[in-house]
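Reading through the structure tokens given below for one structure.
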Amino acid sequence: MPSASLPSRAPVAPLSLPVLLLMAVAAGLSAGSNYFNQPLLHSIAVHLRVSDAAAALTVTLGQVAYACGLLLLVPLGDKLERRGLAVGLMVLASIGLFMSGFATSLGLLIAGTVMTGLFSVAAQTLVPMAATLSDPQRSGRAVGLMMSGLLTGILAARSVAGLLSAVGGWNTVYRVAGVLMLAVASMLWFVLPTSRNPVPQSYARTLRSLGTLLRKHPRLRSRALVGALTFASVSVLFSTMALMLSGPVHGMNDVQIGLVGLVGVAGALMASVTGRLGDRGWVQQVSAVSVLLLALGWVFLWLGGASLGFFLLGMLVVDIALPGVHISNQNVIYKLEPEARSRINAVYMTSYFAGAACGSALGALAWRHGGWGMACALGVGLAALAGGALAYDQRLVVRVARR
């Protein structure tokens, strides 16, 4: 008697460009929601009658909540149905945005910030989903497009928050973002196909497997380190640029500083180009050039202490380098174990944002002890360490090729 067989699942057609663009918008909106408060801290403190230090606590707690989401929620992409997970996370993040937008006390603002930070990791479930559902020959292009949206959201969030604050107050950006989040989540529900890991596992086993993946794949470790050091270097810039630009040399206000940040958006748009180059097999070359650009960008930024033109040039170069390294990293790690992409992404992104947090803290320390010059020296130093980590990654490539 012939054995019964399970019906085969019909293949899902590769995602179309309009759907990928919508996913990129969703990723940018989700990721950017964690950065709205940075240019608004003084306004928040005045409105809620708290100190600037108390208002700044929302930044730290938002980052901690995001890190928790990366560890606890992103791996669910390898267990649960991915469309429902991404849309559900976005809806929950929108609730956090509305809580912040209508907050009348610091406690309610903190609760909204934490909720938004925890569930805005929807962006990190959409990126591996795009890689999984795209044409395998163009997965790098898909990831590049997604990261263009994500990085544009991060870089533009401060500028948008500052501009909307000038129009309707500090909480306007939260209310607008909440509405947009719900609208984009609704559209994703109707255009995304259902997608599930064919071999799901329990949640506890999913979490335990994160350490297993890190031990199993040396290039996950090397690329996670490259990403952490690169984002740490850029975070030194993010944590000190407003202090320098508002100082006696440039004398900018919050809105002007926010507009300066728009220069970085042009660099973020280069992420799709990086993805295409990765599809052509130039991942290592793109990584090396991007790390060199990062170091060069810091030289221009140092000159920018006295010249706004050099500062704008340096910021553009740095924001071209950041997605260059990041997309190359993801191009490598997503090919290590395709059925574990969400968990691999969780490991990588946790390291990535841990690097960002360390870079921000070190940048503030450098500014306190040596001003802009010390901050630039720190940025170059972290870029050099990223180059060393990339050299180790190249040795791993050569070692595998010789087997």
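Please note that chains go A, B, ... in the order of the structure tokens, that every chain numbers its residues from 1, and that ligands are numbered from 1 in the order shown.
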Can you pull out every residue within 10 Å of Leu71 in chain A, counting only C-alpha atoms, but drop anything in the same chain fewer than 4 positions away, and send it as a PyMOL selection string?
chain A and resi 66-67+75-76+121+207+210+343+345-347+349-350
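Omitting His47 in chain A and its sequence neighbours fewer than 6 positions away, and counting only C-alpha atoms, the residues within 10 Å are Leu41, Thr104, Ser105, Leu106, Gly169, Trp170 and Asn171 of chain A.
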Quick one: everything within 10 Å of range 147-153 of chain A, counting only C-alpha atoms, minus sequence neighbours fewer than 4 positions away in the same chain. Send it as an MDAnalysis selection string.
chainID A and resid 20:35 123:124 127 141:143 157:158 160 262 264:275 319 322:323 326:327 330
Using only C-alpha atoms, I'd like a table of the residues in range 65-168 of chain A that come within 7 Å of range 187-198 of chain A; for each, show the closest atom pair and its distance in Å rounded to one decimal, ordered by chain and ascending number, as a Markdown table.
```
| residue | atom | partner | partner_atom | distance |
| --- | --- | --- | --- | --- |
| A:Asp78 | CA | A:Asn197 | CA | 5.5 |
| A:Lys79 | CA | A:Asn197 | CA | 6.3 |
| A:Leu80 | CA | A:Arg196 | CA | 6.3 |
| A:Glu81 | CA | A:Arg196 | CA | 4.7 |
| A:Arg82 | CA | A:Ser195 | CA | 5.5 |
| A:Arg83 | CA | A:Thr194 | CA | 5.7 |
| A:Val87 | CA | A:Trp189 | CA | 6.5 |
```
Go ahead and write the residues just picked, C-alpha atoms, as a PDB file, in the first residue's frame.
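Done, and the output landed in part.pdb:
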```pdb
ATOM      1  CA  ASP A  78      11.277  31.694  11.922  1.00  0.00           C
ATOM      2  CA  LYS A  79       8.354  30.318  13.962  1.00  0.00           C
ATOM      3  CA  LEU A  80       5.182  32.296  13.197  1.00  0.00           C
ATOM      4  CA  GLU A  81       3.466  33.337   9.990  1.00  0.00           C
ATOM      5  CA  ARG A  82       5.558  36.309   8.857  1.00  0.00           C
ATOM      6  CA  ARG A  83       2.913  38.598   7.370  1.00  0.00           C
ATOM      7  CA  VAL A  87       1.599  43.661  10.657  1.00  0.00           C
TER       8      VAL A  87
END
```
So how many Å separate CA of Phe238 in chain A and CA of Ser360 in chain A, to one decimal?
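The value is 7.3 Å.
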Do you know which residues are at most 12 Å from range 246-255 of chain A counting only C-alpha atoms, after dropping those on the same chain fewer than 4 positions away, and could you put them as a compact mmCIF listing (two decimals) with N, CA and C atoms, in the first residue's frame?
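Written file, around25.txt:
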```txt
# COMPACT_ATOMS: atom_id res chain seq x y z
N GLN A 38 14.87 62.51 19.82
CA GLN A 38 16.21 63.04 20.03
C GLN A 38 16.31 64.57 19.84
N PRO A 39 15.71 65.16 18.80
CA PRO A 39 15.80 66.63 18.69
C PRO A 39 14.74 67.37 19.51
N LEU A 40 13.87 66.64 20.20
CA LEU A 40 12.73 67.26 20.89
C LEU A 40 12.87 67.27 22.40
N LEU A 41 14.01 66.83 22.90
CA LEU A 41 14.12 66.60 24.35
C LEU A 41 13.87 67.86 25.16
N HIS A 42 14.40 68.99 24.71
CA HIS A 42 14.20 70.22 25.48
C HIS A 42 12.74 70.64 25.48
N SER A 43 12.09 70.54 24.32
CA SER A 43 10.67 70.89 24.23
C SER A 43 9.83 69.96 25.10
N ARG A 158 14.80 62.60 12.62
CA ARG A 158 15.13 63.79 13.40
C ARG A 158 14.67 65.05 12.70
N SER A 159 14.90 65.10 11.39
CA SER A 159 14.52 66.29 10.62
C SER A 159 13.02 66.47 10.60
N VAL A 160 12.30 65.39 10.35
CA VAL A 160 10.83 65.46 10.31
C VAL A 160 10.28 65.86 11.67
N ALA A 161 10.85 65.29 12.74
CA ALA A 161 10.38 65.62 14.08
C ALA A 161 10.59 67.10 14.38
N GLY A 162 11.74 67.63 14.01
CA GLY A 162 12.01 69.04 14.25
C GLY A 162 11.08 69.96 13.48
N LEU A 163 10.82 69.62 12.21
CA LEU A 163 9.94 70.45 11.39
C LEU A 163 8.50 70.41 11.88
N LEU A 164 8.00 69.22 12.21
CA LEU A 164 6.62 69.12 12.69
C LEU A 164 6.47 69.76 14.07
N SER A 165 7.52 69.72 14.86
CA SER A 165 7.48 70.38 16.16
C SER A 165 7.30 71.88 16.00
N ALA A 166 7.95 72.45 14.99
CA ALA A 166 7.81 73.89 14.74
C ALA A 166 6.41 74.24 14.28
N VAL A 167 5.70 73.26 13.68
CA VAL A 167 4.36 73.52 13.16
C VAL A 167 3.29 73.33 14.22
N TRP A 170 5.77 69.42 19.97
CA TRP A 170 6.64 68.25 19.96
C TRP A 170 5.89 66.94 19.74
N THR A 240 27.06 63.72 18.89
CA THR A 240 27.83 64.95 19.14
C THR A 240 27.59 66.06 18.11
N MET A 241 27.01 65.74 16.96
CA MET A 241 26.89 66.75 15.90
C MET A 241 26.02 67.93 16.34
N ALA A 242 24.94 67.68 17.07
CA ALA A 242 24.07 68.78 17.49
C ALA A 242 24.81 69.70 18.46
N LEU A 259 17.57 70.02 9.48
CA LEU A 259 17.71 70.11 8.03
C LEU A 259 19.08 69.62 7.56
N VAL A 260 20.10 69.87 8.36
CA VAL A 260 21.44 69.35 8.03
C VAL A 260 21.40 67.83 7.94
N GLY A 261 20.60 67.22 8.82
CA GLY A 261 20.51 65.76 8.81
C GLY A 261 19.94 65.18 7.54
N LEU A 262 19.22 66.01 6.76
CA LEU A 262 18.66 65.51 5.51
C LEU A 262 19.73 65.16 4.49
N GLY A 304 35.09 70.04 9.27
CA GLY A 304 33.80 70.69 9.38
C GLY A 304 33.59 71.42 10.69
N GLY A 305 34.49 71.24 11.65
CA GLY A 305 34.40 72.00 12.88
C GLY A 305 34.50 73.49 12.63
N ALA A 306 35.17 73.87 11.52
CA ALA A 306 35.31 75.28 11.18
C ALA A 306 34.64 75.65 9.87
N SER A 307 34.18 74.65 9.11
CA SER A 307 33.58 74.90 7.80
C SER A 307 32.34 74.02 7.63
N LEU A 308 31.18 74.65 7.44
CA LEU A 308 29.95 73.90 7.26
C LEU A 308 29.99 73.06 5.99
N GLY A 309 30.65 73.57 4.95
CA GLY A 309 30.76 72.81 3.70
C GLY A 309 31.46 71.48 3.89
N PHE A 311 31.70 69.89 6.70
CA PHE A 311 30.86 69.05 7.55
C PHE A 311 29.80 68.34 6.73
N GLY A 371 36.10 67.67 23.26
CA GLY A 371 35.35 68.41 22.26
C GLY A 371 35.27 67.69 20.93
N TRP A 372 35.07 68.47 19.87
CA TRP A 372 34.85 67.91 18.53
C TRP A 372 36.07 67.15 18.02
```
Might you pull out every residue within 8 Å of Ala86 in chain A, with only C-alpha atoms counted and same-chain residues fewer than 5 positions away left off, and present them as an MDAnalysis selection string?
chainID A and resid 122:123 125:126
If you run DSSP on the backbone, which residues of range 14-147 of chain A are helix (DSSP H, G or I), as a ChimeraX atom specification?
/A:17-32,38-48,52-72,74-78,82-101,106-119,122-133,136-147
Could you check the closest approach to Ser351 in chain A for each of A:Gly227, A:Gly363, A:Gly324, A:Gly388 and tell me which residue wins, using only C-alpha atoms?
A:Gly227
A:Thr212, A:Leu72, A:Gly77, A:His217: which is nearest Thr132 in chain A, counting only C-alpha atoms?
A:Gly77
Could you name the residues that touch Leu296 in chain A at 9 Å or less, counting only C-alpha atoms, but leaving out those on the same chain fewer than 6 positions away, as a list of chain:residue names?
A:Gly314, A:Val317, A:Val318, A:Val380
Could the residues in this selection be written to a file with N, CA and C atoms, as a PDB file, in the first residue's frame?
```pdb
ATOM      1  N   GLY A 314      31.432  65.591   4.747  1.00  0.00           N
ATOM      2  CA  GLY A 314      31.770  64.459   5.603  1.00  0.00           C
ATOM      3  C   GLY A 314      30.549  63.654   5.989  1.00  0.00           C
ATOM      4  N   VAL A 317      29.497  61.488   3.030  1.00  0.00           N
ATOM      5  CA  VAL A 317      30.393  60.347   2.824  1.00  0.00           C
ATOM      6  C   VAL A 317      30.148  59.267   3.876  1.00  0.00           C
ATOM      7  N   VAL A 318      29.998  59.678   5.132  1.00  0.00           N
ATOM      8  CA  VAL A 318      29.741  58.717   6.203  1.00  0.00           C
ATOM      9  C   VAL A 318      28.427  57.982   5.970  1.00  0.00           C
ATOM     10  N   VAL A 380      37.334  57.936  13.886  1.00  0.00           N
ATOM     11  CA  VAL A 380      38.352  57.329  13.019  1.00  0.00           C
ATOM     12  C   VAL A 380      38.879  56.040  13.635  1.00  0.00           C
TER      13      VAL A 380
END
```
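Minimum distance to Met374 in chain A across A:Gln63, A:Leu145, A:Val236, A:Gly168 (counting only C-alpha atoms) occurs at A:Val236.
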